[in-house]
Structures are given as structure tokens and as C-alpha cells.
>>> print(open('structure-v1.cif').read())   # mmCIF, C-alpha atoms
data_my_file
#
loop_
_atom_site.group_PDB
_atom_site.id
_atom_site.type_symbol
_atom_site.label_atom_id
_atom_site.label_comp_id
_atom_site.auth_asym_id
_atom_site.auth_seq_id
_atom_site.Cartn_x
_atom_site.Cartn_y
_atom_site.Cartn_z
ATOM 1 C CA MET A 24 -11.210 19.529 -30.073
ATOM 2 C CA ALA A 25 -9.540 19.344 -26.700
ATOM 3 C CA ILE A 26 -5.876 18.350 -26.586
ATOM 4 C CA ALA A 27 -4.646 16.955 -29.889
ATOM 5 C CA ASN A 28 -3.857 13.245 -29.848
ATOM 6 C CA PHE A 29 -5.420 12.757 -26.421
ATOM 7 C CA ILE A 30 -5.470 9.025 -25.609
ATOM 8 C CA PRO A 31 -7.333 8.246 -22.341
ATOM 9 C CA GLU A 32 -5.652 4.866 -21.852
ATOM 10 C CA LEU A 33 -2.205 6.440 -22.152
ATOM 11 C CA TRP A 34 -2.892 9.136 -19.577
ATOM 12 C CA SER A 35 -4.570 6.654 -17.218
ATOM 13 C CA THR A 36 -1.483 4.456 -17.368
ATOM 14 C CA GLN A 37 0.694 7.483 -16.686
ATOM 15 C CA VAL A 38 -1.235 8.312 -13.517
ATOM 16 C CA LEU A 39 -1.144 4.713 -12.275
ATOM 17 C CA THR A 40 2.601 4.482 -12.952
ATOM 18 C CA ALA A 41 3.280 7.565 -10.855
ATOM 19 C CA PHE A 42 0.840 6.307 -8.211
ATOM 20 C CA ARG A 43 2.641 2.983 -7.734
ATOM 21 C CA LYS A 44 6.121 4.437 -8.014
ATOM 22 C CA ASN A 45 5.652 6.906 -5.170
ATOM 23 C CA HIS A 46 3.662 4.713 -2.837
ATOM 24 C CA VAL A 47 4.979 2.877 0.249
ATOM 25 C CA PHE A 48 1.965 0.949 1.478
ATOM 26 C CA ALA A 49 0.472 0.183 -1.955
ATOM 27 C CA ASN A 50 3.639 -1.769 -2.686
ATOM 28 C CA LEU A 51 3.169 -3.761 0.518
ATOM 29 C CA VAL A 52 -0.299 -5.113 -0.258
ATOM 30 C CA ASN A 53 -1.424 -7.781 -2.686
ATOM 31 C CA ARG A 54 -3.501 -7.257 -5.830
ATOM 32 C CA ASN A 55 -4.664 -10.871 -6.059
ATOM 33 C CA TYR A 56 -8.309 -9.993 -6.553
ATOM 34 C CA GLU A 57 -8.086 -6.802 -8.575
ATOM 35 C CA GLY A 58 -9.681 -8.178 -11.723
ATOM 36 C CA GLU A 59 -11.631 -5.699 -13.812
ATOM 37 C CA ILE A 60 -13.154 -2.712 -12.053
ATOM 38 C CA ARG A 61 -15.675 -0.729 -14.066
ATOM 39 C CA ASN A 62 -16.789 1.827 -11.511
ATOM 40 C CA ALA A 63 -17.142 2.729 -7.864
ATOM 41 C CA GLY A 64 -19.511 0.423 -6.040
ATOM 42 C CA ASP A 65 -18.244 -2.745 -7.701
ATOM 43 C CA THR A 66 -17.660 -5.715 -5.408
ATOM 44 C CA VAL A 67 -14.772 -8.148 -5.682
ATOM 45 C CA ARG A 68 -15.481 -11.605 -4.224
ATOM 46 C CA ILE A 69 -12.623 -13.207 -2.309
ATOM 47 C CA THR A 70 -12.891 -16.941 -1.768
ATOM 48 C CA THR A 71 -10.697 -18.619 0.835
ATOM 49 C CA PRO A 72 -10.493 -22.426 0.489
ATOM 50 C CA ALA A 73 -11.089 -24.420 3.655
ATOM 51 C CA ALA A 74 -8.313 -26.492 5.181
ATOM 52 C CA ILE A 75 -8.119 -30.140 4.167
ATOM 53 C CA THR A 76 -7.963 -32.786 6.882
ATOM 54 C CA VAL A 77 -5.074 -35.255 6.768
ATOM 55 C CA GLY A 78 -5.816 -38.619 8.374
ATOM 56 C CA ALA A 79 -3.973 -41.847 9.174
ATOM 57 C CA TYR A 80 -4.376 -44.462 6.440
ATOM 58 C CA SER A 81 -5.706 -47.839 7.602
ATOM 59 C CA GLY A 82 -6.910 -49.376 4.347
ATOM 60 C CA THR A 83 -9.859 -47.116 3.572
ATOM 61 C CA VAL A 84 -10.188 -43.540 2.394
ATOM 62 C CA THR A 85 -12.896 -41.129 3.517
ATOM 63 C CA TYR A 86 -13.645 -38.149 1.293
ATOM 64 C CA GLU A 87 -14.590 -34.841 2.821
ATOM 65 C CA THR A 88 -16.473 -32.024 1.167
ATOM 66 C CA PRO A 89 -14.582 -28.840 2.001
ATOM 67 C CA THR A 90 -16.418 -25.537 2.273
ATOM 68 C CA SER A 91 -14.988 -22.176 1.315
ATOM 69 C CA ALA A 92 -15.323 -18.910 3.182
ATOM 70 C CA GLN A 93 -15.991 -15.753 1.181
ATOM 71 C CA GLN A 94 -15.176 -12.125 1.841
ATOM 72 C CA SER A 95 -16.276 -9.075 -0.121
ATOM 73 C CA LEU A 96 -13.954 -6.282 -1.184
ATOM 74 C CA LEU A 97 -16.080 -3.224 -1.893
ATOM 75 C CA ILE A 98 -14.682 -0.648 -4.298
ATOM 76 C CA ASP A 99 -16.032 2.241 -2.267
ATOM 77 C CA LYS A 100 -13.226 4.814 -2.281
ATOM 78 C CA LYS A 101 -13.358 7.539 -4.934
ATOM 79 C CA ARG A 102 -10.812 10.227 -5.779
ATOM 80 C CA TYR A 103 -10.750 12.642 -8.694
ATOM 81 C CA TRP A 104 -8.434 15.187 -10.250
ATOM 82 C CA ALA A 105 -9.246 18.010 -12.619
ATOM 83 C CA PHE A 106 -7.033 20.783 -13.961
ATOM 84 C CA LEU A 107 -6.996 23.385 -16.701
ATOM 85 C CA ILE A 108 -3.977 24.505 -18.731
ATOM 86 C CA ASP A 109 -4.309 27.938 -20.256
ATOM 87 C CA ASP A 110 -3.336 28.086 -23.939
ATOM 88 C CA VAL A 111 -0.914 30.953 -23.263
ATOM 89 C CA ASP A 112 0.785 29.062 -20.437
ATOM 90 C CA GLN A 113 1.183 26.001 -22.629
ATOM 91 C CA ALA A 114 2.632 28.033 -25.490
ATOM 92 C CA GLN A 115 5.187 29.693 -23.213
ATOM 93 C CA ALA A 116 6.143 26.665 -21.163
ATOM 94 C CA ASN A 117 9.525 25.046 -21.599
ATOM 95 C CA VAL A 118 8.215 21.698 -20.373
ATOM 96 C CA ASN A 119 5.198 19.579 -21.153
ATOM 97 C CA LEU A 120 2.726 20.941 -18.612
ATOM 98 C CA MET A 121 0.174 18.211 -19.248
ATOM 99 C CA GLN A 122 2.751 15.504 -18.492
ATOM 100 C CA ALA A 123 3.914 17.299 -15.360
ATOM 101 C CA TYR A 124 0.390 17.727 -14.011
ATOM 102 C CA MET A 125 -0.563 14.119 -14.710
ATOM 103 C CA ASP A 126 2.542 12.978 -12.830
ATOM 104 C CA ASP A 127 1.595 15.247 -9.951
ATOM 105 C CA ALA A 128 -1.930 13.815 -9.911
ATOM 106 C CA GLY A 129 -0.403 10.353 -9.505
ATOM 107 C CA ASP A 130 1.784 11.626 -6.669
ATOM 108 C CA LYS A 131 -1.177 13.128 -4.845
ATOM 109 C CA LEU A 132 -3.233 9.946 -5.261
ATOM 110 C CA ALA A 133 -0.329 7.947 -3.847
ATOM 111 C CA ASP A 134 -0.087 10.141 -0.771
ATOM 112 C CA ASP A 135 -3.847 10.083 -0.182
ATOM 113 C CA VAL A 136 -4.159 6.296 -0.495
ATOM 114 C CA ASP A 137 -0.976 5.776 1.513
ATOM 115 C CA THR A 138 -2.551 7.619 4.441
ATOM 116 C CA ASP A 139 -5.707 5.532 4.122
ATOM 117 C CA LEU A 140 -3.812 2.224 4.111
ATOM 118 C CA ALA A 141 -1.742 3.265 7.137
ATOM 119 C CA GLY A 142 -5.012 3.587 9.062
ATOM 120 C CA LEU A 143 -5.654 -0.145 8.739
ATOM 121 C CA TYR A 144 -3.633 -0.722 11.910
ATOM 122 C CA THR A 145 -7.021 -0.870 13.623
ATOM 123 C CA ALA A 146 -7.721 -4.194 11.845
ATOM 124 C CA ALA A 147 -4.393 -5.814 12.775
ATOM 125 C CA GLY A 148 -4.883 -9.220 14.382
ATOM 126 C CA LEU A 149 -1.619 -9.506 16.302
ATOM 127 C CA THR A 150 -1.112 -8.137 19.809
ATOM 128 C CA ASP A 151 0.155 -4.556 19.913
ATOM 129 C CA ILE A 152 3.816 -4.105 20.805
ATOM 130 C CA SER A 153 4.823 -1.029 22.812
ATOM 131 C CA LEU A 154 7.979 0.895 21.916
ATOM 132 C CA ASP A 155 9.522 3.903 23.632
ATOM 133 C CA VAL A 156 11.671 5.376 20.872
ATOM 134 C CA GLY A 157 15.108 6.352 22.127
ATOM 135 C CA THR A 158 14.768 4.303 25.325
ATOM 136 C CA ASP A 159 13.746 0.770 24.342
ATOM 137 C CA ASP A 160 15.835 -1.422 22.054
ATOM 138 C CA PHE A 161 13.907 -1.153 18.780
ATOM 139 C CA TYR A 162 15.555 -4.263 17.383
ATOM 140 C CA ASP A 163 14.316 -6.337 20.324
ATOM 141 C CA LYS A 164 10.784 -5.149 19.584
ATOM 142 C CA LEU A 165 11.141 -6.269 15.966
ATOM 143 C CA VAL A 166 12.324 -9.671 17.179
ATOM 144 C CA LEU A 167 9.127 -9.870 19.255
ATOM 145 C CA ALA A 168 7.102 -8.882 16.195
ATOM 146 C CA GLY A 169 8.760 -11.679 14.240
ATOM 147 C CA GLN A 170 7.942 -14.114 17.026
ATOM 148 C CA GLN A 171 4.265 -13.167 16.820
ATOM 149 C CA LEU A 172 4.269 -13.755 13.072
ATOM 150 C CA ASP A 173 5.968 -17.128 13.603
ATOM 151 C CA GLU A 174 3.383 -18.159 16.180
ATOM 152 C CA ALA A 175 0.644 -17.214 13.705
ATOM 153 C CA ASN A 176 2.276 -19.483 11.088
ATOM 154 C CA VAL A 177 3.009 -16.539 8.806
ATOM 155 C CA PRO A 178 5.800 -17.335 6.301
ATOM 156 C CA ARG A 179 9.130 -15.656 7.013
ATOM 157 C CA SER A 180 9.707 -14.542 3.448
ATOM 158 C CA GLY A 181 8.450 -11.121 2.454
ATOM 159 C CA ARG A 182 8.081 -9.646 5.932
ATOM 160 C CA TRP A 183 8.224 -5.852 6.276
ATOM 161 C CA VAL A 184 7.899 -3.047 8.792
ATOM 162 C CA VAL A 185 6.976 0.597 8.115
ATOM 163 C CA MET A 186 8.007 3.319 10.554
ATOM 164 C CA THR A 187 8.386 7.086 10.839
ATOM 165 C CA PRO A 188 11.655 8.877 10.007
ATOM 166 C CA LYS A 189 12.312 9.241 13.747
ATOM 167 C CA GLY A 190 11.869 5.512 14.304
ATOM 168 C CA TYR A 191 14.210 4.813 11.390
ATOM 169 C CA ALA A 192 16.824 7.214 12.782
ATOM 170 C CA ASP A 193 16.728 5.292 16.064
ATOM 171 C CA LEU A 194 16.973 1.901 14.370
ATOM 172 C CA LEU A 195 19.786 3.128 12.146
ATOM 173 C CA GLN A 196 22.001 3.447 15.239
ATOM 174 C CA ASN A 197 21.438 -0.211 16.166
ATOM 175 C CA ALA A 198 24.349 -2.495 15.352
ATOM 176 C CA ASN A 199 21.918 -5.225 14.232
ATOM 177 C CA PHE A 200 20.457 -3.093 11.459
ATOM 178 C CA ILE A 201 21.582 -4.036 7.942
ATOM 179 C CA ASN A 202 21.309 -1.178 5.460
ATOM 180 C CA ALA A 203 20.083 -1.766 1.937
ATOM 181 C CA THR A 204 23.526 -1.353 0.356
ATOM 182 C CA ASP A 205 24.948 -4.145 2.480
ATOM 183 C CA ALA A 206 21.899 -6.347 1.951
ATOM 184 C CA GLY A 207 22.296 -6.302 -1.826
ATOM 185 C CA ALA A 208 20.739 -4.983 -5.019
ATOM 186 C CA SER A 209 17.592 -7.133 -4.745
ATOM 187 C CA LEU A 210 16.558 -5.291 -1.569
ATOM 188 C CA ILE A 211 17.387 -1.878 -3.005
ATOM 189 C CA ARG A 212 15.065 -2.512 -5.941
ATOM 190 C CA THR A 213 12.110 -2.937 -3.556
ATOM 191 C CA GLY A 214 12.603 0.551 -2.121
ATOM 192 C CA ALA A 215 13.442 -0.816 1.328
ATOM 193 C CA LEU A 216 16.087 0.996 3.359
ATOM 194 C CA GLY A 217 17.489 -2.102 4.994
ATOM 195 C CA MET A 218 16.787 -5.254 6.990
ATOM 196 C CA ALA A 219 16.159 -5.824 10.682
ATOM 197 C CA ALA A 220 15.079 -9.037 12.417
ATOM 198 C CA GLY A 221 14.223 -10.595 9.066
ATOM 199 C CA MET A 222 12.022 -7.660 7.983
ATOM 200 C CA SER A 223 12.500 -5.191 5.151
ATOM 201 C CA VAL A 224 12.474 -1.679 6.603
ATOM 202 C CA TYR A 225 10.411 1.116 5.018
ATOM 203 C CA VAL A 226 9.780 4.716 6.077
ATOM 204 C CA SER A 227 6.613 6.768 5.603
ATOM 205 C CA ASN A 228 5.450 10.171 6.790
ATOM 206 C CA ASN A 229 1.885 8.854 6.654
ATOM 207 C CA ILE A 230 2.185 6.595 9.702
ATOM 208 C CA VAL A 231 -0.855 7.339 11.868
ATOM 209 C CA ASN A 232 -0.261 9.736 14.750
ATOM 210 C CA SER A 233 -2.951 8.271 17.040
ATOM 211 C CA THR A 234 -2.273 10.548 20.036
ATOM 212 C CA ALA A 235 -0.026 13.522 20.722
ATOM 213 C CA SER A 236 3.208 11.543 20.638
ATOM 214 C CA THR A 237 2.100 8.013 19.725
ATOM 215 C CA TYR A 238 2.547 6.548 16.248
ATOM 216 C CA GLN A 239 1.252 3.272 14.837
ATOM 217 C CA TYR A 240 4.098 1.516 13.001
ATOM 218 C CA LEU A 241 2.871 -1.410 10.903
ATOM 219 C CA TYR A 242 4.520 -4.765 10.235
ATOM 220 C CA GLY A 243 3.477 -7.945 8.448
ATOM 221 C CA THR A 244 3.461 -9.409 4.953
ATOM 222 C CA ASN A 245 1.725 -8.598 1.667
ATOM 223 C CA ALA A 246 -0.789 -11.371 2.383
ATOM 224 C CA ALA A 247 -2.404 -9.225 5.105
ATOM 225 C CA ILE A 248 -3.992 -6.494 2.994
ATOM 226 C CA THR A 249 -5.543 -6.743 -0.435
ATOM 227 C CA MET A 250 -6.276 -3.778 -2.655
ATOM 228 C CA ALA A 251 -7.970 -3.259 -5.999
ATOM 229 C CA ALA A 252 -7.648 0.063 -7.815
ATOM 230 C CA GLN A 253 -8.381 1.490 -11.233
ATOM 231 C CA VAL A 254 -8.544 4.765 -13.132
ATOM 232 C CA VAL A 255 -12.049 4.322 -14.533
ATOM 233 C CA LYS A 256 -12.363 7.629 -16.380
ATOM 234 C CA THR A 257 -9.931 10.050 -17.989
ATOM 235 C CA GLU A 258 -11.460 12.797 -20.098
ATOM 236 C CA ALA A 259 -10.229 15.807 -22.043
ATOM 237 C CA THR A 260 -12.414 18.901 -22.087
ATOM 238 C CA ARG A 261 -12.419 22.300 -23.735
ATOM 239 C CA PRO A 262 -14.357 24.604 -21.371
ATOM 240 C CA SER A 263 -16.431 27.186 -23.208
ATOM 241 C CA ASP A 264 -15.630 30.067 -20.857
ATOM 242 C CA THR A 265 -11.830 30.068 -21.233
ATOM 243 C CA PHE A 266 -9.008 29.388 -23.671
ATOM 244 C CA GLY A 267 -7.442 26.262 -22.353
ATOM 245 C CA ASP A 268 -7.464 22.492 -22.187
ATOM 246 C CA GLY A 269 -8.889 20.633 -19.235
ATOM 247 C CA VAL A 270 -8.306 17.092 -18.052
ATOM 248 C CA ARG A 271 -10.234 15.246 -15.377
ATOM 249 C CA GLY A 272 -10.086 11.721 -14.088
ATOM 250 C CA LEU A 273 -11.754 9.389 -11.614
ATOM 251 C CA PHE A 274 -9.788 6.889 -9.551
ATOM 252 C CA VAL A 275 -11.590 4.221 -7.516
ATOM 253 C CA TYR A 276 -10.259 1.608 -5.139
ATOM 254 C CA GLY A 277 -11.075 -0.729 -2.316
ATOM 255 C CA ARG A 278 -8.855 -2.180 0.409
ATOM 256 C CA LYS A 279 -9.335 -4.705 3.151
ATOM 257 C CA VAL A 280 -7.351 -6.640 5.753
ATOM 258 C CA VAL A 281 -8.046 -10.208 4.636
ATOM 259 C CA ARG A 282 -5.499 -11.963 6.874
ATOM 260 C CA PRO A 283 -5.405 -10.124 10.231
ATOM 261 C CA ASN A 284 -2.924 -12.629 11.675
ATOM 262 C CA ALA A 285 -0.352 -11.393 9.131
ATOM 263 C CA LEU A 286 -0.543 -7.779 10.331
ATOM 264 C CA GLY A 287 0.570 -6.135 13.557
ATOM 265 C CA ALA A 288 1.200 -2.713 15.043
ATOM 266 C CA ILE A 289 4.126 -1.365 17.039
ATOM 267 C CA VAL A 290 2.732 1.439 19.187
ATOM 268 C CA ALA A 291 5.635 3.868 19.313
ATOM 269 C CA ASP A 292 5.967 6.690 21.834
ATOM 270 C CA GLN A 293 8.093 9.375 20.141
ATOM 271 C CA THR A 294 8.088 11.881 23.002
#
>>> encode(input="structure-v1.cif", output="C-alpha cells")
Amino acid sequence: MAIANFIPELWSTQVLTAFRKNHVFANLVNRNYEGEIRNAGDTVRITTPAAITVGAYSGTVTYETPTSAQQSLLIDKKRYWAFLIDDVDQAQANVNLMQAYMDDAGDKLADDVDTDLAGLYTAAGLTDISLDVGTDDFYDKLVLAGQQLDEANVPRSGRWVVMTPKGYADLLQNANFINATDAGASLIRTGALGMAAGMSVYVSNNIVNSTASTYQYLYGTNAAITMAAQVVKTEATRPSDTFGDGVRGLFVYGRKVVRPNALGAIVADQT
């Protein structure tokens, strides 16, 4: 029997914990429609209620029948991991190899999905903002980004911006930047590095490098992107052609920009 006391649910949870812990963008999306995913190809239905009309009262009331728009979130992204631990390696190891490899699988999933989510700048609904890093005042550009969100009636709470390490280094020199330590423990717990123009500041190496020196920083709120993800299979195996334990798993997810007016891109020239 492969791997004594193997519990699929336990290992699946372990992978998802590592996945969420080491992710930037997955923590900046909403999971409102995740529900129960059984396999790749599932579809999550997203219903958006129509706006209600408010009228002047003059003694009578007219009832309207609101209609609801619906979007589909297709669970069409599939990732797997599979590894084998030789019995001799396990016997000689000073650490739990299985635990270490499962953690690493979660890390790799996080990096892969992070890169995918960063590419959603193409679906942003707000006008692109140009930034010449090192020349322009980055803070002023973030103020403009906040103005665009205000004009789109996006709530001010929960706003964020994700940039490259170089962009962060430039912003860090701005007197208007508030680092996480000064902002308080509540901000530190989110993983943000600070605040600028009412936005929590995050850094990722997975920001899209769209041309030789141009990077697509993203800003918005968690209402912009929805994501549904699940480890749908985790299996232990005992391959017949070797002495070792194998583990494999299947991770599926879907993501979609459901509120484009809550997402924008700062097109940064990092020459």
C-alpha cells in the first residue's frame, strides 16, 4: 500500500494552504462564486442583479420587474503535479520529504497562477496610465488611478496596486509613501508593503513584461476579478518498476474580470 496513513483531503488542504500563502494576485481577487468544483470543464454561473429605479413619490407606486445579467466562469485551467520519493531517500532523510514536496507543489502552483492573473491587464476597463519610472512622479500617477476609480464609482476601501520591485524602489523614495510598519498591524497582515494614494502596495515578479522595457502594473479592488479553484484529485501510488512512493494531484481553476471598471493598468517604462 502506498504511503501509510495517506489522507487525500489532508494533502489537498496542504497544497491549497501553500498556494494561497505564497500568492500575490490570488489574494487580490474574490472567491464569491467558487462553490463546489468537481472537475475541469465545470461552469460557475454569476448573476448580477439589475439596478433598481428610484422615483419621486406622488401618491402612487409603480412596480418594476428587474432583470439580471449573467456571466459564466469556466473552470478551464488545469495544472498537475506528480513526484516520486525513493524508499532509500525517505529512510535517510532528516526531514519529511513528502511534506516538503507538497509545500513546493503549492508554491509552484501559486507562481503559475500568479503569472496568469497578472495577464488580465488586457481586460482592464479603465484608461491606461503611462509612467516613466525614475522620471515621472509615481505618486501622482497613483492619484490619477484613484481618480479613475472614483469616477467609475468604485468604493475607496480595499484598493490596491501591484508593481515590480523596480517600481516599488522608486515609490519607496517618495515622501508620500507610507510603509506598512507606519500604517499599522492590520496592513502588515495583508502582506502589503505600504500605502500610497489610498492604495495598498504589493510587489510581484510576475508583472507582465509586455515589451522590452514596458511593464503592466495593475490596480483596482478585489471586486474586479473573480476566481474559483480546487484540488480535485490527490492520489498516492506505488509504481511497480521502482521502490518508492508516488503522489500526484490535479488542480483546476477559472478566473475572469467581472467588473472591468474596477481594474486598471499603469503602463510603466522601466528603461
>>> atom_distance(input="structure-v1.cif", atom1="atom CA of Tyr103 of chain A", atom2="atom CA of Arg271 of chain A")
7.2 Å
>>> resolve_selection(input="structure-v1.cif", expression="the PyMOL selection byres ((chain A and resi 289) around 6)", output="MDAnalysis selection string")
chainID A and resid 151:153 239:240 288 290:291
>>> residues_around(input="structure-v1.cif", residues="Asp110 of chain A", least_positions_apart="5", cutoff="8 Å", atoms="only C-alpha atoms", output="MDAnalysis selection string")
chainID A and resid 266:268
>>> residues_around(input="structure-v1.cif", residues="Gly221 of chain A", least_positions_apart="6", cutoff="8 Å", atoms="all atoms listed in the file", output="ChimeraX atom specification")
/A:169,179,182
>>> closest_residue(input="structure-v1.cif", among="A:Ala168, A:Ala175, A:Leu132, A:Val156", to="Leu194 of chain A", atoms="all atoms listed in the file")
A:Val156
>>> closest_residue(input="structure-v1.cif", among="A:Ile230, A:Ala147, A:Leu96, A:Ala198", to="Thr244 of chain A", atoms="only C-alpha atoms")
A:Ala147
>>> closest_residue(input="structure-v1.cif", among="A:Ala123, A:Leu140, A:Leu149, A:Ala63", to="Met250 of chain A", atoms="all atoms listed in the file")
A:Leu140
>>> closest_residue(input="structure-v1.cif", among="A:His46, A:Arg282, A:Arg261, A:Lys256", to="Asn176 of chain A", atoms="all atoms listed in the file")
A:Arg282
>>> closest_residue(input="structure-v1.cif", among="A:Ala247, A:Leu154, A:Val136, A:Val281", to="Asp193 of chain A", atoms="all atoms listed in the file")
A:Leu154
>>> closest_residue(input="structure-v1.cif", among="A:Asn232, A:Gln171, A:Ser180, A:Ser223", to="Leu286 of chain A", atoms="all atoms listed in the file")
A:Gln171
>>> resolve_selection(input="structure-v1.cif", expression="the PyMOL selection byres ((chain A and resi 51) around 8)", output="compact mmCIF listing (two decimals) with C-alpha atoms, keeping the file's coordinate frame")
# COMPACT_ATOMS: atom_id res chain seq x y z
CA VAL A 47 4.98 2.88 0.25
CA PHE A 48 1.96 0.95 1.48
CA ALA A 49 0.47 0.18 -1.96
CA ASN A 50 3.64 -1.77 -2.69
CA VAL A 52 -0.30 -5.11 -0.26
CA ASN A 53 -1.42 -7.78 -2.69
CA TRP A 183 8.22 -5.85 6.28
CA THR A 244 3.46 -9.41 4.95
CA ASN A 245 1.72 -8.60 1.67
